[in-house]
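Worksheet for the structure shown next.
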Amino acid sequence: MNRGVLLLAAALFVLMVAAAPAALLLGMPYLLSLFQKLAILAIAAAGLNLVLGYAGLPAFGHGAFVGIGSYTVGILAAEAADGALASAWLQFPLAALVAGLAAALIGAISLRTRGVAFLMITLAFGQMLYFGAVALERYGGDDGMIIVRASAFGDFTLARGFGSYVFTLAVLAVVLLLMYRVTRSPFGFVLRGAAANERRMLAVGVAVPSYRVGAFALSGAICGVAGVLWANYTAFLSPAPLAWTWSVQLAVMVLLGGAGTLFGPLFGAAAFVLLEEVLTGALQPWRLDWHIVFGPLLLLVVLAAPGGIAGLLGRPQHG
Amino acid sequence: MDKAAALAEPLLTARGLKKSFGGVVANASIDFDLRPREVHAVIGPNGGGKTTLLGQLMGEILPDAGSVRLGGIDVTAMSVPERVMRGLARSYQVTSVFPGFTVLENVAFGLRARRRISSRLWRSASTGGELGEAAAAILRRVGLSGRSGVDAAVLSHGEHRQLEIAIALSTSPKVLLLDEPLAGLGVDEGRRMVELIADIRGPVAIVLVEHDMEAVFALADRVTVLVDGAAIASGAPDSIRDDRLVKAAYLGEDA
């Protein structure tokens with residue numbers, strides 16, 4: 001990793017940590033809200049990055065795993081109005097497990113195909129789960145519903161606020177540490193090596209498909225954790241994260257920030273959230289959607305800097 | 001080849017291998033075997049079915065019919081990695097390495113697979129210790145010692161061919177399939193490659209697909225000639241050199 005990438009990552013972290021007391025002292029809760037959204041999206045993008053970036057597989061259905069995490073919170077809150085099932089000790093492992101299993105299953109089936117077919121199948125599975133969620137009338141169906149109980153570790157609630165914000169930052173740090181370890185482990189090397197030359201990886205005796213299914217499971221589980229945070233952040237259960245637009249947005253963050261790099265998803269999520277914020281404000285007088293600027297900008301990055309923001313800061317290195 | 005080897009059960013056997021791509025027959029019905037300690041060369045014109053045969057032996061190409069046995073076990077239905085774990089390895093005609101990884105890391109992939117530690121999730125993929133020593137030994141053997149820290153993508157063609165062999169050796173094979181190891185090499189490089197193969201042979205039985213006849217006749221215990229997907233001749237190098245059919249089909253009448 002080069003100095004530019006480390007500096008930008010450190011700057012973002014300092015900014016997000018400093019935002020907590022600053023928002024309290026200056027009375028700007030909106031700042032926390034913005035950065036918390038950034039952090040949650042960065043966690044989900046980091047999960048997707050394992051499959052899309054490091055393993056080089058064009059997965060475009062990861063919003064579904066975020067959705068599974070959200071529905072875990074929403075359903076448990078709805079089924080026990082007294083909050084008996086609102087324990088975060090229960091919800092995080094359960095969400096990670098269900099999302100991880102779903103991802104492993106979807107991965108195992110999708111991995112029978114290649115290239116564009118793979119992309120379409122992951123997209124299709126995502127849409128299937130989206131319509132499945134829409135059909136859950138009991139949990140708000142298409143409209144969604146308010147989540148009456150935030151997740152909580154004992155007395156420590158994850159409902160939006162200072163504590164929840166700090167907790168989200170900690171989860172982001174842990175997820176990035178996890179990704180650091182995993183992508184530099186023999187397992188991570190297999191994923192990256194197979195992306196570089198799959199046939200040769202098979203020919204040295206590595207059962208590549210199993211490793212890729214494993215990567216799907218881990219990446220789905222991380223997205224599931226992001227989903228728990230998202231449900232608490234919005235306090236609203238909605239099928240929106242399962243829709244293909246979310247999946248594509250996550251992929252855009254990974255590609256924009258730098259696919260297959262540790263901090264790429266963080267950079268991508270930051271660019272996405274901050275640009276959305278700034279551009280939406282700036283374009284308001286003309287009543288234009290922010291995507292009208294973001295689209296061409298994205299095109300420019302893809303064409304001029306295929307390595308994304310991390311790539312612009314220096315050549316990515318293996319090992 | 002000594003008598004004991006001739007009597008021993010073949011390490012690798014193929015019976016009735018057939019493969020068509022669309023309407024084009026690549027292998028009509030090939031019988032092939034490789035005995036312990038043997039170098040069995042496969043020669044023939046381009047399109048004769050040599051590379052298809054290697055692909056079928058390795059498990060990369062599934063045969064339309066026929067069977068493959070490795071070490072006395074039917075491996076026809078086994079995947080490539082399963083066959084590798086049973087002692088099969090190959091090199092490729094067109095260089096196939098891991099670009100973006102150092103030469104040392106290229107070799108480490110196979111070493112880890114062999115030691116069954118590829119799936120470790122939480123430990124760093126270090127190339128130190130015993131694994132690093134094993135990798136260094138292989139690189140020394142193929143003559144790439146000085147290049148271990150270099151990105152495999154920036155090696156010269158000759159070095160790529162050496163790395164091909166090193167990667168194949170990393171899984172400690174009993175049977176090695178070499179697909180034109182001399183392809184594109186200069187005279188000196190070619191001679192060194194022949195020396196390297198001569199050094200590997202013995203404990204490792206080798207199927208050698210090669211166009212360089214000098215190398216084939218220097219290394220082979222036995223030669224099989226594939227033409228239009230069929231073995232038209234098989235035997236000791238001298239008998240192949242004198243075979244009429246072979247002369248007509250491949251070596252040219254004046255050979």
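Chain labels follow the order of the structure tokens: the first chain is A, the next B, and so on; residue numbering restarts at 1 in every chain, and ligands are counted from 1 in their shown order.
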Write down as a ChimeraX atom specification the residues belonging to region 21-144 of chain A that are assigned helix (DSSP H, G or I) by DSSP computed on the backbone.
/A:21-26,29-54,63-79,88-110,115-134,137-139
Residue contacts of region 81-93 of chain A (7 Å, only C-alpha atoms) excluding same-chain residues fewer than 3 positions away, as a PDB file with C-alpha atoms, in the first residue's frame:
```
ATOM      1  CA  THR A  72     -33.537  -9.710  10.328  1.00  0.00           C
ATOM      2  CA  VAL A  73     -33.837  -6.595  12.491  1.00  0.00           C
ATOM      3  CA  LEU A  76     -37.466  -9.709  14.986  1.00  0.00           C
ATOM      4  CA  ALA A  77     -38.652  -6.264  16.095  1.00  0.00           C
ATOM      5  CA  ALA A  78     -42.118  -6.837  14.665  1.00  0.00           C
ATOM      6  CA  ALA A  96     -24.473 -12.551   9.209  1.00  0.00           C
ATOM      7  CA  LEU A  97     -25.369 -16.236   9.205  1.00  0.00           C
ATOM      8  CA  ARG A 149     -37.395  -1.489  18.350  1.00  0.00           C
ATOM      9  CA  ALA A 150     -33.793  -0.629  17.650  1.00  0.00           C
ATOM     10  CA  SER A 151     -31.195  -3.328  18.192  1.00  0.00           C
ATOM     11  CA  ALA A 152     -29.407  -3.046  21.502  1.00  0.00           C
ATOM     12  CA  PHE A 153     -26.516  -4.573  23.387  1.00  0.00           C
ATOM     13  CA  VAL A 225     -23.954  -6.838   9.200  1.00  0.00           C
ATOM     14  CA  VAL A 228     -28.438  -4.530  10.589  1.00  0.00           C
TER      15      VAL A 228
END
```
Just need the residues of chain A within 12 Å of chain B, counting only C-alpha atoms, so spit them out as a short mmCIF file (atom, residue, chain, number, x, y, z; two decimals) with N, CA and C atoms, in the first residue's frame.
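Writing the result to selection.cif gives the following:
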```cif
data_model
loop_
_atom_site.label_atom_id
_atom_site.label_comp_id
_atom_site.auth_asym_id
_atom_site.auth_seq_id
_atom_site.Cartn_x
_atom_site.Cartn_y
_atom_site.Cartn_z
N LEU A 177 -10.07 -4.30 9.05
CA LEU A 177 -9.00 -5.14 9.60
C LEU A 177 -9.18 -6.59 9.14
N LEU A 178 -10.42 -7.05 9.18
CA LEU A 178 -10.74 -8.41 8.70
C LEU A 178 -10.34 -8.57 7.24
N MET A 179 -10.70 -7.57 6.43
CA MET A 179 -10.37 -7.64 5.01
C MET A 179 -8.85 -7.61 4.80
N TYR A 180 -8.17 -6.82 5.63
CA TYR A 180 -6.71 -6.75 5.53
C TYR A 180 -6.11 -8.14 5.74
N ARG A 181 -6.57 -8.81 6.80
CA ARG A 181 -6.04 -10.13 7.12
C ARG A 181 -6.41 -11.16 6.05
N VAL A 182 -7.69 -11.17 5.69
CA VAL A 182 -8.18 -12.21 4.77
C VAL A 182 -7.55 -12.09 3.38
N THR A 183 -7.42 -10.85 2.89
CA THR A 183 -6.91 -10.72 1.53
C THR A 183 -5.40 -10.99 1.46
N ARG A 184 -4.73 -10.98 2.61
CA ARG A 184 -3.31 -11.29 2.63
C ARG A 184 -3.03 -12.71 3.12
N SER A 185 -4.09 -13.47 3.36
CA SER A 185 -3.95 -14.86 3.79
C SER A 185 -3.81 -15.75 2.56
N PRO A 186 -3.42 -17.01 2.75
CA PRO A 186 -3.39 -17.94 1.61
C PRO A 186 -4.74 -17.99 0.88
N PHE A 187 -5.84 -17.93 1.63
CA PHE A 187 -7.18 -17.92 1.02
C PHE A 187 -7.34 -16.72 0.09
N GLY A 188 -6.95 -15.54 0.59
CA GLY A 188 -7.05 -14.32 -0.21
C GLY A 188 -6.15 -14.38 -1.43
N PHE A 189 -4.97 -14.95 -1.27
CA PHE A 189 -4.06 -15.09 -2.40
C PHE A 189 -4.66 -15.98 -3.48
N VAL A 190 -5.37 -17.03 -3.06
CA VAL A 190 -6.02 -17.91 -4.04
C VAL A 190 -7.07 -17.12 -4.82
N LEU A 191 -7.89 -16.33 -4.12
CA LEU A 191 -8.91 -15.53 -4.80
C LEU A 191 -8.28 -14.61 -5.83
N ARG A 192 -7.20 -13.93 -5.42
CA ARG A 192 -6.56 -12.96 -6.31
C ARG A 192 -5.81 -13.67 -7.43
N GLY A 193 -5.15 -14.76 -7.10
CA GLY A 193 -4.43 -15.52 -8.12
C GLY A 193 -5.37 -16.13 -9.15
N ALA A 194 -6.52 -16.60 -8.68
CA ALA A 194 -7.49 -17.20 -9.61
C ALA A 194 -8.11 -16.14 -10.51
N ALA A 195 -8.21 -14.89 -9.99
CA ALA A 195 -8.70 -13.80 -10.84
C ALA A 195 -7.68 -13.51 -11.93
N ALA A 196 -6.39 -13.65 -11.61
CA ALA A 196 -5.33 -13.40 -12.58
C ALA A 196 -5.23 -14.54 -13.59
N ASN A 197 -5.41 -15.78 -13.14
CA ASN A 197 -5.26 -16.94 -14.04
C ASN A 197 -5.96 -18.15 -13.41
N GLU A 198 -7.23 -18.30 -13.73
CA GLU A 198 -8.04 -19.36 -13.11
C GLU A 198 -7.56 -20.76 -13.52
N ARG A 199 -7.29 -20.93 -14.83
CA ARG A 199 -6.90 -22.25 -15.32
C ARG A 199 -5.64 -22.75 -14.61
N ARG A 200 -4.67 -21.84 -14.43
CA ARG A 200 -3.43 -22.24 -13.80
C ARG A 200 -3.64 -22.55 -12.32
N MET A 201 -4.56 -21.80 -11.68
CA MET A 201 -4.82 -22.05 -10.26
C MET A 201 -5.40 -23.45 -10.08
N LEU A 202 -6.29 -23.85 -10.98
CA LEU A 202 -6.83 -25.22 -10.94
C LEU A 202 -5.70 -26.22 -11.15
N ALA A 203 -4.79 -25.88 -12.09
CA ALA A 203 -3.73 -26.82 -12.47
C ALA A 203 -2.65 -26.95 -11.41
N VAL A 204 -2.65 -26.10 -10.38
CA VAL A 204 -1.73 -26.34 -9.26
C VAL A 204 -2.48 -26.98 -8.09
N GLY A 205 -3.70 -27.45 -8.36
CA GLY A 205 -4.38 -28.28 -7.37
C GLY A 205 -5.33 -27.54 -6.44
N VAL A 206 -5.74 -26.31 -6.81
CA VAL A 206 -6.64 -25.56 -5.95
C VAL A 206 -8.07 -25.63 -6.51
N ALA A 207 -9.00 -26.10 -5.69
CA ALA A 207 -10.40 -26.21 -6.11
C ALA A 207 -11.03 -24.82 -6.08
N VAL A 208 -10.75 -24.04 -7.11
CA VAL A 208 -11.12 -22.61 -7.16
C VAL A 208 -12.60 -22.35 -6.83
N PRO A 209 -13.55 -23.13 -7.39
CA PRO A 209 -14.96 -22.83 -7.10
C PRO A 209 -15.29 -22.80 -5.60
N SER A 210 -14.71 -23.73 -4.83
CA SER A 210 -14.99 -23.74 -3.39
C SER A 210 -14.52 -22.45 -2.72
N TYR A 211 -13.36 -21.97 -3.14
CA TYR A 211 -12.84 -20.73 -2.56
C TYR A 211 -13.74 -19.56 -2.89
N ARG A 212 -14.27 -19.58 -4.12
CA ARG A 212 -15.14 -18.47 -4.53
C ARG A 212 -16.47 -18.50 -3.78
N GLY A 214 -16.77 -19.65 -0.80
CA GLY A 214 -16.38 -19.15 0.52
C GLY A 214 -16.31 -17.63 0.55
N ALA A 215 -15.77 -17.04 -0.53
CA ALA A 215 -15.68 -15.58 -0.62
C ALA A 215 -17.08 -14.96 -0.65
N LEU A 218 -18.54 -15.06 2.93
CA LEU A 218 -17.97 -14.04 3.82
C LEU A 218 -18.44 -12.65 3.41
N ARG A 315 0.11 3.10 -7.77
CA ARG A 315 -0.13 1.77 -8.33
C ARG A 315 -0.42 0.77 -7.22
N PRO A 316 -1.53 0.02 -7.37
CA PRO A 316 -1.80 -1.01 -6.37
C PRO A 316 -0.77 -2.14 -6.50
N GLN A 317 -0.42 -2.73 -5.36
CA GLN A 317 0.57 -3.81 -5.38
C GLN A 317 0.00 -5.07 -4.76
N HIS A 318 0.39 -6.16 -5.30
CA HIS A 318 0.04 -7.43 -4.67
C HIS A 318 1.01 -7.71 -3.55
N GLY A 319 0.53 -8.44 -2.57
CA GLY A 319 1.43 -8.96 -1.54
C GLY A 319 1.94 -7.97 -0.58
#
```
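The residues of region 163-242 of chain B that DSSP assigns to strand (DSSP E) on this backbone come out as Val175, Leu176, Leu177, Leu178, Asp179, Ala205, Ile206, Val207, Leu208, Val209, Arg222, Val223, Thr224, Val225, Leu226, Val227, Ala230, Ala231, Ile232, Ala233, Ser234 and Gly235 of chain B.
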Which residues are close to region 143-148 of chain A, i.e. within 9 Å by only C-alpha atoms, leaving aside same-chain residues fewer than 4 positions away? Reply as a ChimeraX atom specification.
/A:73-75,77-78,81,83,134,137,139,231-232,234-240
May I have the residues from that selection written out with all heavy atoms, as a compact mmCIF listing (two decimals), in the first residue's frame?
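Written file, out_7.txt:
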```txt
# COMPACT_ATOMS: atom_id res chain seq x y z
N VAL A 73 -33.50 -7.56 11.44
CA VAL A 73 -33.84 -6.60 12.49
C VAL A 73 -35.34 -6.32 12.48
O VAL A 73 -36.00 -6.39 13.53
CB VAL A 73 -33.06 -5.27 12.28
CG1 VAL A 73 -33.49 -4.23 13.32
CG2 VAL A 73 -31.57 -5.52 12.37
N GLY A 74 -35.87 -6.03 11.29
CA GLY A 74 -37.27 -5.63 11.17
C GLY A 74 -38.23 -6.73 11.61
O GLY A 74 -39.19 -6.48 12.36
N ILE A 75 -37.96 -7.94 11.16
CA ILE A 75 -38.86 -9.06 11.49
C ILE A 75 -38.80 -9.37 12.98
O ILE A 75 -39.83 -9.55 13.64
CB ILE A 75 -38.49 -10.30 10.64
CG1 ILE A 75 -38.87 -10.06 9.18
CG2 ILE A 75 -39.22 -11.54 11.18
CD1 ILE A 75 -38.40 -11.15 8.23
N ALA A 77 -38.02 -7.37 15.36
CA ALA A 77 -38.65 -6.26 16.09
C ALA A 77 -40.17 -6.39 16.02
O ALA A 77 -40.88 -6.17 17.01
CB ALA A 77 -38.21 -4.93 15.52
N ALA A 78 -40.67 -6.76 14.86
CA ALA A 78 -42.12 -6.84 14.66
C ALA A 78 -42.71 -8.03 15.41
O ALA A 78 -43.84 -7.96 15.91
CB ALA A 78 -42.44 -6.92 13.18
N ALA A 81 -42.87 -7.34 20.11
CA ALA A 81 -43.02 -5.90 20.33
C ALA A 81 -42.42 -5.46 21.66
O ALA A 81 -42.08 -4.30 21.84
CB ALA A 81 -44.50 -5.52 20.27
N GLY A 83 -39.61 -6.23 22.59
CA GLY A 83 -38.17 -6.10 22.41
C GLY A 83 -37.38 -7.31 22.85
O GLY A 83 -36.16 -7.27 22.96
N VAL A 134 -40.91 -7.73 -1.13
CA VAL A 134 -42.11 -6.94 -1.44
C VAL A 134 -43.37 -7.74 -1.11
O VAL A 134 -44.38 -7.20 -0.67
CB VAL A 134 -42.11 -6.52 -2.93
CG1 VAL A 134 -43.49 -5.99 -3.35
CG2 VAL A 134 -41.04 -5.47 -3.17
N GLU A 137 -46.22 -9.02 3.06
CA GLU A 137 -47.21 -8.03 3.49
C GLU A 137 -47.15 -7.80 5.00
O GLU A 137 -47.35 -6.70 5.50
CB GLU A 137 -48.62 -8.48 3.08
CG GLU A 137 -48.89 -8.41 1.59
CD GLU A 137 -48.80 -6.97 1.05
OE1 GLU A 137 -48.96 -6.03 1.86
OE2 GLU A 137 -48.56 -6.81 -0.16
N TYR A 139 -44.76 -7.65 6.82
CA TYR A 139 -43.67 -6.73 7.21
C TYR A 139 -43.63 -5.50 6.30
O TYR A 139 -42.58 -5.00 5.94
CB TYR A 139 -42.34 -7.48 7.20
CG TYR A 139 -42.39 -8.71 8.07
CD1 TYR A 139 -42.36 -9.98 7.52
CD2 TYR A 139 -42.53 -8.58 9.46
CE1 TYR A 139 -42.44 -11.11 8.32
CE2 TYR A 139 -42.63 -9.70 10.26
CZ TYR A 139 -42.58 -10.96 9.69
OH TYR A 139 -42.68 -12.07 10.49
N ALA A 231 -30.74 -0.82 9.03
CA ALA A 231 -32.10 -0.85 9.57
C ALA A 231 -32.20 0.05 10.79
O ALA A 231 -33.20 0.78 10.97
CB ALA A 231 -32.48 -2.29 9.94
N ASN A 232 -31.17 0.03 11.65
CA ASN A 232 -31.19 0.86 12.84
C ASN A 232 -30.99 2.34 12.49
O ASN A 232 -31.55 3.22 13.13
CB ASN A 232 -30.11 0.41 13.83
CG ASN A 232 -30.53 -0.84 14.57
OD1 ASN A 232 -31.43 -0.79 15.40
ND2 ASN A 232 -29.90 -1.96 14.24
N THR A 234 -31.92 3.85 9.66
CA THR A 234 -33.13 4.42 9.05
C THR A 234 -34.35 4.22 9.94
O THR A 234 -35.35 4.89 9.74
CB THR A 234 -33.42 3.75 7.68
OG1 THR A 234 -33.51 2.34 7.88
CG2 THR A 234 -32.31 4.03 6.68
N ALA A 235 -34.27 3.29 10.90
CA ALA A 235 -35.41 2.94 11.76
C ALA A 235 -36.62 2.59 10.92
O ALA A 235 -37.77 2.78 11.32
CB ALA A 235 -35.73 4.07 12.74
N PHE A 236 -36.34 2.09 9.73
CA PHE A 236 -37.44 1.80 8.81
C PHE A 236 -37.08 0.56 8.00
O PHE A 236 -35.96 0.46 7.49
CB PHE A 236 -37.66 2.99 7.88
CG PHE A 236 -38.93 2.89 7.09
CD1 PHE A 236 -40.15 3.23 7.67
CD2 PHE A 236 -38.92 2.45 5.76
CE1 PHE A 236 -41.34 3.14 6.95
CE2 PHE A 236 -40.10 2.35 5.04
CZ PHE A 236 -41.30 2.70 5.64
N LEU A 237 -38.02 -0.38 7.94
CA LEU A 237 -37.80 -1.60 7.16
C LEU A 237 -38.34 -1.39 5.75
O LEU A 237 -39.52 -1.11 5.58
CB LEU A 237 -38.52 -2.78 7.81
CG LEU A 237 -38.28 -4.13 7.12
CD1 LEU A 237 -36.82 -4.52 7.19
CD2 LEU A 237 -39.14 -5.21 7.75
N SER A 238 -37.46 -1.51 4.77
CA SER A 238 -37.88 -1.27 3.39
C SER A 238 -37.21 -2.27 2.47
O SER A 238 -36.06 -2.66 2.69
CB SER A 238 -37.48 0.16 2.99
OG SER A 238 -37.31 0.24 1.60
N PRO A 239 -37.91 -2.68 1.41
CA PRO A 239 -37.25 -3.59 0.45
C PRO A 239 -36.21 -2.88 -0.42
O PRO A 239 -35.51 -3.56 -1.18
CB PRO A 239 -38.42 -4.13 -0.39
CG PRO A 239 -39.55 -3.20 -0.17
CD PRO A 239 -39.32 -2.45 1.10
N ALA A 240 -36.09 -1.56 -0.26
CA ALA A 240 -35.20 -0.79 -1.15
C ALA A 240 -33.77 -1.34 -1.26
O ALA A 240 -33.25 -1.44 -2.38
CB ALA A 240 -35.17 0.68 -0.71
```
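Restricting the calculation to only C-alpha atoms, the smallest distance between Gln127 (chain A) and any of A:Ala64, A:Leu101, A:Ala251, A:Cys223 is found for A:Ala64.
With only C-alpha atoms as the atoms that count, the minimum distance from Phe125 (chain A) to the choices A:Ala39, A:Ala46, A:Val17, A:Ala243 is reached by A:Ala243.
With only C-alpha atoms as the atoms that count, the minimum distance from His62 (chain A) to the choices A:Thr245, A:Gln284, A:Thr113, A:Asn2 is reached by A:Thr245.
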Would you mind listing what lies within 8 Å of Leu52 (chain A) as a ChimeraX atom specification, with only C-alpha atoms counted and same-chain residues fewer than 4 positions away left out?
/A:48,56-59,251,254,259-260
Selected residues written out, C-alpha atoms, as a CSV table (one decimal), in the first residue's frame:
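What landed in selection-v8.csv:
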```csv
chain,number,residue,atom,x,y,z
A,48,LEU,CA,-18.7,-6.7,-2.0
A,56,GLY,CA,-12.7,-10.4,-9.9
A,57,LEU,CA,-16.3,-11.7,-10.2
A,58,PRO,CA,-18.9,-9.3,-11.5
A,59,ALA,CA,-21.5,-9.8,-8.8
A,251,ALA,CA,-20.6,-1.9,-7.2
A,254,VAL,CA,-16.1,-0.4,-5.2
A,259,ALA,CA,-11.6,-2.5,-6.8
A,260,GLY,CA,-9.4,-5.0,-5.1
```
Compare A:Thr261, A:Gln36, A:Ser110, A:Thr122 by their minimum atom-to-atom distance to Leu158 (chain A), counting only C-alpha atoms, and give me the closest one.
A:Gln36
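Atom pair CA of Gly143 (chain B) / CA of Arg161 (chain B) has a distance of 10.9 Å (rounded to one decimal).
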If I take CA of Gly163 (chain A) and CA of Tyr30 (chain A), how far is one from the other in Å, to one decimal?
14.8 Å
